[in-house]
Every structure is written in C-alpha cells, then in structure tokens.
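Input: a single structure, listed below in structure tokens.
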Amino acid sequence: MIPMQAHGGFAGGGGADGAGGELAARKRPQASLDAPSGPQGAPLPCVAYLYDGTAEGLFSAIFDAYVFHEDPEDFFCDGSYQPRLGQSSRVIATDEEKALRVRRGLVRVGGSKVFRAALHASLSDEPQAGAAVYRFVRYVMDDLGKRPSSARPFVMGQLAHPCVAPVASLERQVLNEAHRMKQFLRFRQKEGGLWVAVCNPNANVIPLVMDHFSGRFNTQPFAIYDEVHRVVGISQDGRWRLSRASAEAELADCAAEELMAQAWCVYYDSASIDVRYHPELRRQFMPMRLWGNITEMRRPRAHAIGEAALSGLPNAAVFIDG
C-alpha cells in the first residue's frame, strides 16, 4: 500500500524523526524536480491522472506531469474515476525514486514545512485533494523556484493565495483527524500479547500516528487497523511498517480482556459528572462515526453493569483509582 512508509519513506517507516526516509534520500543521487529524466510522451490536452491513492503515488503522478509536459485537470484514486466529457486518462505507477525527487524539490525551494503540508494534504479523502496538491507543487516549483531564495515568501503564510489556501485547509483537516485518532483509539489485547486497535478515520492518518503510539508502546507489539482505507500499521521492537489489509484479522481476545474493558467502562462512568452531561458538545469533540470502535460507547452505562463487572478482578479498587 504505502511502500515508502513501509520501507523508510515519507513518514519515516519506524523512527520518531523519519530517519529511514532521510537515509533513503541520501542513498540516491541528487536531482532536481524541474529537470526530470525519462521518456517524453505526447502531451494530452484534457487528461486525468489515476494513481493508487497513496502519497507516494500522488507525488509520482505530479512528477510524471513534468515528464509528459502535461497539465492534468484531475487526480483520482484508480477505481473511483468518473471521466468528464471528452477527458482522457493516464494511469500512473507509483515510483519511489520519482516521489523522492518531488520531495527534494519541495524542500529545496520551500523548506520542510512546505513538503509536510503537501504530504498531509495528500492523505485527505477529499476528491479534489490530489488536484489541490498538484497546483500547490506547481506554484512552489514553477513560480517560487525561479526567484532568488532571498526573494521567496513564506509559503504557508500565504493563506489568501488560491494555490496555498486549499492545501492549508486540507492539512488542518488531516491533522485534526490524526489528533482524534490519538485520543479515541482503544486497544484490545489479543492472545499472544498483541494489542490491536480498529479505527475508521476520514483521512489516511495511520502513517501520522504510528510514531506516537510506537513511542508509548516501546517494544510491546501492537497493530492499528484502518477499516476504511484497509491499511494496517504494525509495530514490533520499536519499529513500525504499513501494509495493505483486505479485512481485520480474526484474533481472539486474551482471557482477561473483556473484564478489563468492563473495568475501563466503570472508571469512565465514575469519572463523569452527570449534571454537566452535554450530548451535543460530546458529539462535536467525539464524532458519532467513531463510536463503534470506542470501548465505552459500545455498551450500556457501567453503573447498569454493577459491581459484577469487577467481581473477578484482583485489586479492583487499586486498578480503578489508578
């Protein structure tokens, strides 16, 4: 699915500072985005680019727009494409080298913040995200790239610019969704010691949260499964990778998991203040689309479960009190 993230790419592939990606970049010869090499095809006047839905695939497609001297109207994930009247299409294969060259070009001209903005926006599920990132890259490389470095403005501060504003908005949405995943992921312990969380984000944010959880789990193995994008992040011994997944693996919970889940629900309800219950505010900060994978929202209130939930748990009071 996301080969560069799995093998040391944009998101790092197992390191808090993305060291894997930097190493991969240093191993390749330096090249500029505005002087690509490769076969020159006949430009198509009205064309849509189809890619695999990954950040690497989108950056490969942007690179090929330079190769073919084309100005694509649309960028679509392959399989969701609905052509406009008279529009042709070009299927773009994901190429790690091409994506890295786009990365180096953006960092060289605009700095690392510009690259991260384009990367975060490319993870959005919005249909026009690909086209917005493409226009953003063209603005940075074709306009700002021709100016002396001392005359280049701070790109992400140009929030009124028609090429910058959409990417800034998409980046904000994606980072907000990544923040929600850090808040509302709930892990269950499976037989064998693996901890698994299932989520349904509205952006492909698993690459953005793996470093966060890998640092907290340390060497404890865990997996995060995105049931919307069919992506699973797997961490072991402090290193993580991403992979495609057709469905959630059927792994049995460990013997104490249900009891621990009930204990968590009791703690959740005992810490709440009923007189300050505000359902509209809760839905604002905890969207209902996430409730199906949140432990405390999948069962009746814990006071209805009663003390039976903790009857078999040793030192239950100590557990609840923290």
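Every chain in the structure tokens has a letter given in the order shown (A, B, ...), and although residue numbers restart at 1 in each chain, ligands are simply numbered from 1 in the order shown.
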
Query - Backbone-only DSSP, strand (DSSP E or B) members of stretch 54-251 of chain A, as a PyMOL selection string - result: chain A and resi 74-77+88-91+124+187-190+195-199+203+222-226+231-236+239-244

Write the residues you've just listed into a file as a tab-separated table (two decimals), in the first residue's frame, and include N, CA and C atoms for each of them.
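Output file result_13.tsv is given in full below:
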```tsv
chain	number	residue	atom	x	y	z
A	74	ASP	N	-7.44	16.62	-13.35
A	74	ASP	CA	-7.88	15.91	-12.15
A	74	ASP	C	-6.87	14.84	-11.78
A	75	PHE	N	-6.89	14.50	-10.48
A	75	PHE	CA	-6.12	13.37	-9.96
A	75	PHE	C	-7.10	12.52	-9.16
A	76	PHE	N	-7.19	11.24	-9.53
A	76	PHE	CA	-8.13	10.36	-8.87
A	76	PHE	C	-7.45	9.08	-8.43
A	77	CYS	N	-7.95	8.52	-7.35
A	77	CYS	CA	-7.55	7.17	-6.99
A	77	CYS	C	-8.09	6.21	-8.04
A	88	SER	N	-9.50	12.27	-21.31
A	88	SER	CA	-8.72	11.04	-21.36
A	88	SER	C	-8.07	10.82	-20.01
A	89	SER	N	-7.48	9.66	-19.83
A	89	SER	CA	-6.88	9.34	-18.54
A	89	SER	C	-5.52	8.71	-18.75
A	90	ARG	N	-4.69	8.85	-17.74
A	90	ARG	CA	-3.36	8.24	-17.77
A	90	ARG	C	-3.14	7.57	-16.42
A	91	VAL	N	-2.86	6.27	-16.43
A	91	VAL	CA	-2.60	5.53	-15.20
A	91	VAL	C	-1.13	5.68	-14.83
A	124	SER	N	-5.61	13.28	2.57
A	124	SER	CA	-7.03	13.59	2.73
A	124	SER	C	-7.89	12.71	1.83
A	187	PHE	N	-7.33	0.08	22.41
A	187	PHE	CA	-6.62	-1.16	22.11
A	187	PHE	C	-7.21	-2.31	22.93
A	188	ARG	N	-7.24	-3.47	22.30
A	188	ARG	CA	-7.65	-4.70	22.97
A	188	ARG	C	-6.50	-5.69	22.88
A	189	GLN	N	-6.26	-6.39	23.98
A	189	GLN	CA	-5.16	-7.35	24.00
A	189	GLN	C	-5.64	-8.69	23.45
A	190	LYS	N	-4.87	-9.21	22.49
A	190	LYS	CA	-5.19	-10.48	21.87
A	190	LYS	C	-4.32	-11.59	22.45
A	195	TRP	N	-1.46	-6.19	20.94
A	195	TRP	CA	-2.52	-5.22	21.20
A	195	TRP	C	-3.01	-4.67	19.86
A	196	VAL	N	-4.32	-4.65	19.66
A	196	VAL	CA	-4.90	-4.27	18.37
A	196	VAL	C	-5.96	-3.19	18.59
A	197	ALA	N	-5.91	-2.16	17.75
A	197	ALA	CA	-6.94	-1.11	17.74
A	197	ALA	C	-7.52	-1.02	16.34
A	198	VAL	N	-8.83	-0.81	16.26
A	198	VAL	CA	-9.53	-0.66	14.98
A	198	VAL	C	-10.09	0.75	14.92
A	199	CYS	N	-9.95	1.40	13.77
A	199	CYS	CA	-10.44	2.77	13.64
A	199	CYS	C	-11.07	2.97	12.27
A	203	ALA	N	-9.58	10.20	6.92
A	203	ALA	CA	-8.36	10.50	6.17
A	203	ALA	C	-7.37	9.38	6.46
A	222	PHE	N	2.15	-4.07	18.66
A	222	PHE	CA	0.75	-3.64	18.52
A	222	PHE	C	0.45	-3.43	17.04
A	223	ALA	N	-0.82	-3.34	16.74
A	223	ALA	CA	-1.27	-3.11	15.36
A	223	ALA	C	-2.47	-2.17	15.39
A	224	ILE	N	-2.54	-1.28	14.41
A	224	ILE	CA	-3.68	-0.38	14.25
A	224	ILE	C	-4.26	-0.64	12.86
A	225	TYR	N	-5.53	-1.00	12.82
A	225	TYR	CA	-6.18	-1.36	11.55
A	225	TYR	C	-7.18	-0.27	11.16
A	226	ASP	N	-7.00	0.30	9.99
A	226	ASP	CA	-7.91	1.30	9.43
A	226	ASP	C	-8.88	0.58	8.52
A	231	VAL	N	-5.77	-0.25	5.63
A	231	VAL	CA	-4.34	-0.12	5.94
A	231	VAL	C	-4.13	-0.57	7.37
A	232	VAL	N	-3.05	-1.30	7.61
A	232	VAL	CA	-2.72	-1.71	8.97
A	232	VAL	C	-1.29	-1.27	9.26
A	233	GLY	N	-1.13	-0.63	10.41
A	233	GLY	CA	0.19	-0.28	10.91
A	233	GLY	C	0.62	-1.28	11.96
A	234	ILE	N	1.79	-1.85	11.79
A	234	ILE	CA	2.28	-2.91	12.68
A	234	ILE	C	3.59	-2.45	13.30
A	235	SER	N	3.68	-2.52	14.62
A	235	SER	CA	4.88	-2.11	15.33
A	235	SER	C	5.41	-3.28	16.14
A	236	GLN	N	6.72	-3.45	16.07
A	236	GLN	CA	7.38	-4.52	16.84
A	236	GLN	C	8.80	-4.07	17.13
A	239	ARG	N	10.00	-0.58	16.01
A	239	ARG	CA	10.00	-0.27	14.59
A	239	ARG	C	8.63	-0.57	14.01
A	240	TRP	N	8.16	0.26	13.08
A	240	TRP	CA	6.84	0.03	12.53
A	240	TRP	C	6.86	0.09	11.01
A	241	ARG	N	5.83	-0.50	10.43
A	241	ARG	CA	5.66	-0.51	8.98
A	241	ARG	C	4.16	-0.51	8.67
A	242	LEU	N	3.84	-0.21	7.43
A	242	LEU	CA	2.46	-0.20	6.97
A	242	LEU	C	2.27	-1.27	5.92
A	243	SER	N	1.05	-1.76	5.84
A	243	SER	CA	0.76	-2.81	4.86
A	243	SER	C	-0.70	-2.73	4.47
A	244	ARG	N	-1.02	-3.28	3.32
A	244	ARG	CA	-2.40	-3.45	2.90
A	244	ARG	C	-3.06	-4.54	3.73
```

Query raised in the report: Can you tell me, as a ChimeraX atom specification, what residues are no more than 8 Å from stretch 57-66 of chain A when counting only C-alpha atoms, ignoring any on the same chain fewer than 5 positions away?
Result: /A:33-34,36,49-52,71-72,75,92-96,98-99,102,122,130,134

Report task. Identify which of the residues A:Tyr277, A:Phe285, A:Phe213, A:Phe154 lies closest to A:Leu185, counting only C-alpha atoms when measuring atom-to-atom distances. Result -> A:Phe213

Report task. Give me the residues within 10 Å of A:Arg152 as a PyMOL selection string, counting only C-alpha atoms and dropping any in the same chain fewer than 3 places off. Result -> chain A and resi 109-110+140+143-149+155

Give me a file of those residues, with C-alpha atoms, as a short mmCIF file (atom, residue, chain, number, x, y, z; two decimals), in the first residue's frame.
```
data_model
loop_
_atom_site.label_atom_id
_atom_site.label_comp_id
_atom_site.auth_asym_id
_atom_site.auth_seq_id
_atom_site.Cartn_x
_atom_site.Cartn_y
_atom_site.Cartn_z
CA VAL A 109 12.60 25.56 -2.75
CA GLY A 110 10.12 25.95 0.09
CA VAL A 140 6.14 26.34 -5.43
CA ASP A 143 6.81 30.33 -9.55
CA LEU A 144 8.85 30.50 -6.37
CA GLY A 145 11.56 28.20 -7.74
CA LYS A 146 12.51 30.85 -10.31
CA ARG A 147 13.07 33.52 -7.68
CA PRO A 148 16.24 34.00 -5.64
CA SER A 149 15.99 32.35 -2.26
CA VAL A 155 4.70 29.86 1.51
#
```

Query raised in the report: To one decimal place, how far is atom CA of A:Arg108 from atom CA of A:Asn176 in Å?
Result: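 So the two atoms, atom CA of A:Arg108 and atom CA of A:Asn176, lie 27.3 Å apart.
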
Query raised in the report: Between atom CA of A:Gln173 and atom CA of A:His212, what is the spacing in Å?
Result: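 Interatomic distance, atom CA of A:His212 to atom CA of A:Gln173: 18.4 Å.
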
Query raised in the report: In Å, how far is it from atom CA of A:Pro43 to atom CA of A:Arg138?
Result: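 Separating atom CA of A:Pro43 from atom CA of A:Arg138 is a distance of 17.0 Å.
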
**Report entry** DSSP alpha helix (DSSP H) residues within stretch 102-317 of chain A, listed as a PyMOL selection string
**Finding:** chain A and resi 102-110+112-122+129-138+165-184+206-217+257-271+279-285+302-305+316-317

Report task. Tell me which of A:Arg276, A:His161, A:Arg180, A:His229 sits closest to A:Trp291, counting only C-alpha atoms. Result ->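 Selected residue with least distance to A:Trp291: A:Arg180.
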
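Across A:Val167, A:Pro162, A:Gly238, A:Gly111, the tightest approach to A:Gln128 is made by A:Val167 when counting only C-alpha atoms.
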
Report task. Give me the residues within 9 Å of A:Ala117 as a ChimeraX atom specification, counting only C-alpha atoms and dropping any in the same chain fewer than 5 places off. Result -> /A:112,122,133,156,167-168,170-172

Show which residues sit within 12 Å of A:Phe184, as a PDB file with N, CA and C atoms, in the first residue's frame. Count only C-alpha atoms, and ignore same-chain residues fewer than 4 positions away.
```pdb
ATOM      1  N   GLU A 177      -7.847  15.109  12.284  1.00  0.00           N
ATOM      2  CA  GLU A 177      -8.271  13.709  12.319  1.00  0.00           C
ATOM      3  C   GLU A 177      -7.205  12.834  12.980  1.00  0.00           C
ATOM      4  N   ALA A 178      -5.935  13.123  12.713  1.00  0.00           N
ATOM      5  CA  ALA A 178      -4.858  12.376  13.372  1.00  0.00           C
ATOM      6  C   ALA A 178      -4.912  12.598  14.880  1.00  0.00           C
ATOM      7  N   HIS A 179      -5.230  13.815  15.298  1.00  0.00           N
ATOM      8  CA  HIS A 179      -5.348  14.103  16.731  1.00  0.00           C
ATOM      9  C   HIS A 179      -6.498  13.318  17.347  1.00  0.00           C
ATOM     10  N   ARG A 180      -7.610  13.202  16.616  1.00  0.00           N
ATOM     11  CA  ARG A 180      -8.734  12.405  17.132  1.00  0.00           C
ATOM     12  C   ARG A 180      -8.331  10.939  17.297  1.00  0.00           C
ATOM     13  N   ALA A 197      -5.915  -2.157  17.753  1.00  0.00           N
ATOM     14  CA  ALA A 197      -6.944  -1.111  17.745  1.00  0.00           C
ATOM     15  C   ALA A 197      -7.525  -1.023  16.341  1.00  0.00           C
ATOM     16  N   VAL A 198      -8.832  -0.813  16.258  1.00  0.00           N
ATOM     17  CA  VAL A 198      -9.526  -0.664  14.982  1.00  0.00           C
ATOM     18  C   VAL A 198     -10.089   0.749  14.919  1.00  0.00           C
ATOM     19  N   CYS A 199      -9.951   1.401  13.769  1.00  0.00           N
ATOM     20  CA  CYS A 199     -10.438   2.768  13.639  1.00  0.00           C
ATOM     21  C   CYS A 199     -11.068   2.967  12.272  1.00  0.00           C
ATOM     22  N   ASN A 200     -11.812   4.053  12.129  1.00  0.00           N
ATOM     23  CA  ASN A 200     -12.451   4.382  10.853  1.00  0.00           C
ATOM     24  C   ASN A 200     -12.314   5.877  10.573  1.00  0.00           C
ATOM     25  N   PRO A 201     -11.086   6.360  10.357  1.00  0.00           N
ATOM     26  CA  PRO A 201     -10.875   7.801  10.140  1.00  0.00           C
ATOM     27  C   PRO A 201     -11.347   8.238   8.765  1.00  0.00           C
ATOM     28  N   VAL A 209       0.168   8.648  12.965  1.00  0.00           N
ATOM     29  CA  VAL A 209       0.008   8.339  14.391  1.00  0.00           C
ATOM     30  C   VAL A 209       0.888   7.190  14.851  1.00  0.00           C
ATOM     31  N   PHE A 285     -16.891  16.961  19.791  1.00  0.00           N
ATOM     32  CA  PHE A 285     -15.499  16.588  20.033  1.00  0.00           C
ATOM     33  C   PHE A 285     -15.249  15.097  19.812  1.00  0.00           C
ATOM     34  N   MET A 286     -16.285  14.270  19.907  1.00  0.00           N
ATOM     35  CA  MET A 286     -16.172  12.832  19.680  1.00  0.00           C
ATOM     36  C   MET A 286     -17.222  12.451  18.648  1.00  0.00           C
ATOM     37  N   PRO A 287     -16.925  12.590  17.347  1.00  0.00           N
ATOM     38  CA  PRO A 287     -17.931  12.341  16.307  1.00  0.00           C
ATOM     39  C   PRO A 287     -18.544  10.949  16.429  1.00  0.00           C
ATOM     40  N   MET A 288     -19.831  10.865  16.139  1.00  0.00           N
ATOM     41  CA  MET A 288     -20.545   9.604  16.293  1.00  0.00           C
ATOM     42  C   MET A 288     -20.027   8.530  15.346  1.00  0.00           C
ATOM     43  N   ARG A 289     -19.428   8.923  14.226  1.00  0.00           N
ATOM     44  CA  ARG A 289     -18.893   7.925  13.297  1.00  0.00           C
ATOM     45  C   ARG A 289     -17.778   7.096  13.934  1.00  0.00           C
ATOM     46  N   LEU A 290     -17.184   7.587  15.027  1.00  0.00           N
ATOM     47  CA  LEU A 290     -16.100   6.870  15.700  1.00  0.00           C
ATOM     48  C   LEU A 290     -16.600   5.967  16.814  1.00  0.00           C
ATOM     49  N   TRP A 291     -17.844   6.094  17.220  1.00  0.00           N
ATOM     50  CA  TRP A 291     -18.321   5.438  18.436  1.00  0.00           C
ATOM     51  C   TRP A 291     -18.270   3.919  18.349  1.00  0.00           C
ATOM     52  N   GLY A 292     -18.416   3.376  17.154  1.00  0.00           N
ATOM     53  CA  GLY A 292     -18.457   1.921  17.030  1.00  0.00           C
ATOM     54  C   GLY A 292     -17.176   1.238  17.461  1.00  0.00           C
ATOM     55  N   ASN A 293     -16.052   1.965  17.460  1.00  0.00           N
ATOM     56  CA  ASN A 293     -14.771   1.382  17.846  1.00  0.00           C
ATOM     57  C   ASN A 293     -14.247   1.928  19.171  1.00  0.00           C
ATOM     58  N   ILE A 294     -15.085   2.630  19.911  1.00  0.00           N
ATOM     59  CA  ILE A 294     -14.693   3.182  21.211  1.00  0.00           C
ATOM     60  C   ILE A 294     -15.325   2.329  22.302  1.00  0.00           C
ATOM     61  N   THR A 295     -14.505   1.774  23.158  1.00  0.00           N
ATOM     62  CA  THR A 295     -14.966   0.777  24.137  1.00  0.00           C
ATOM     63  C   THR A 295     -16.130   1.288  24.969  1.00  0.00           C
ATOM     64  N   GLU A 296     -16.007   2.497  25.527  1.00  0.00           N
ATOM     65  CA  GLU A 296     -17.017   2.982  26.458  1.00  0.00           C
ATOM     66  C   GLU A 296     -18.326   3.370  25.777  1.00  0.00           C
ATOM     67  N   MET A 297     -18.343   3.432  24.429  1.00  0.00           N
ATOM     68  CA  MET A 297     -19.562   3.788  23.724  1.00  0.00           C
ATOM     69  C   MET A 297     -20.271   2.580  23.140  1.00  0.00           C
TER      70      MET A 297
END
```
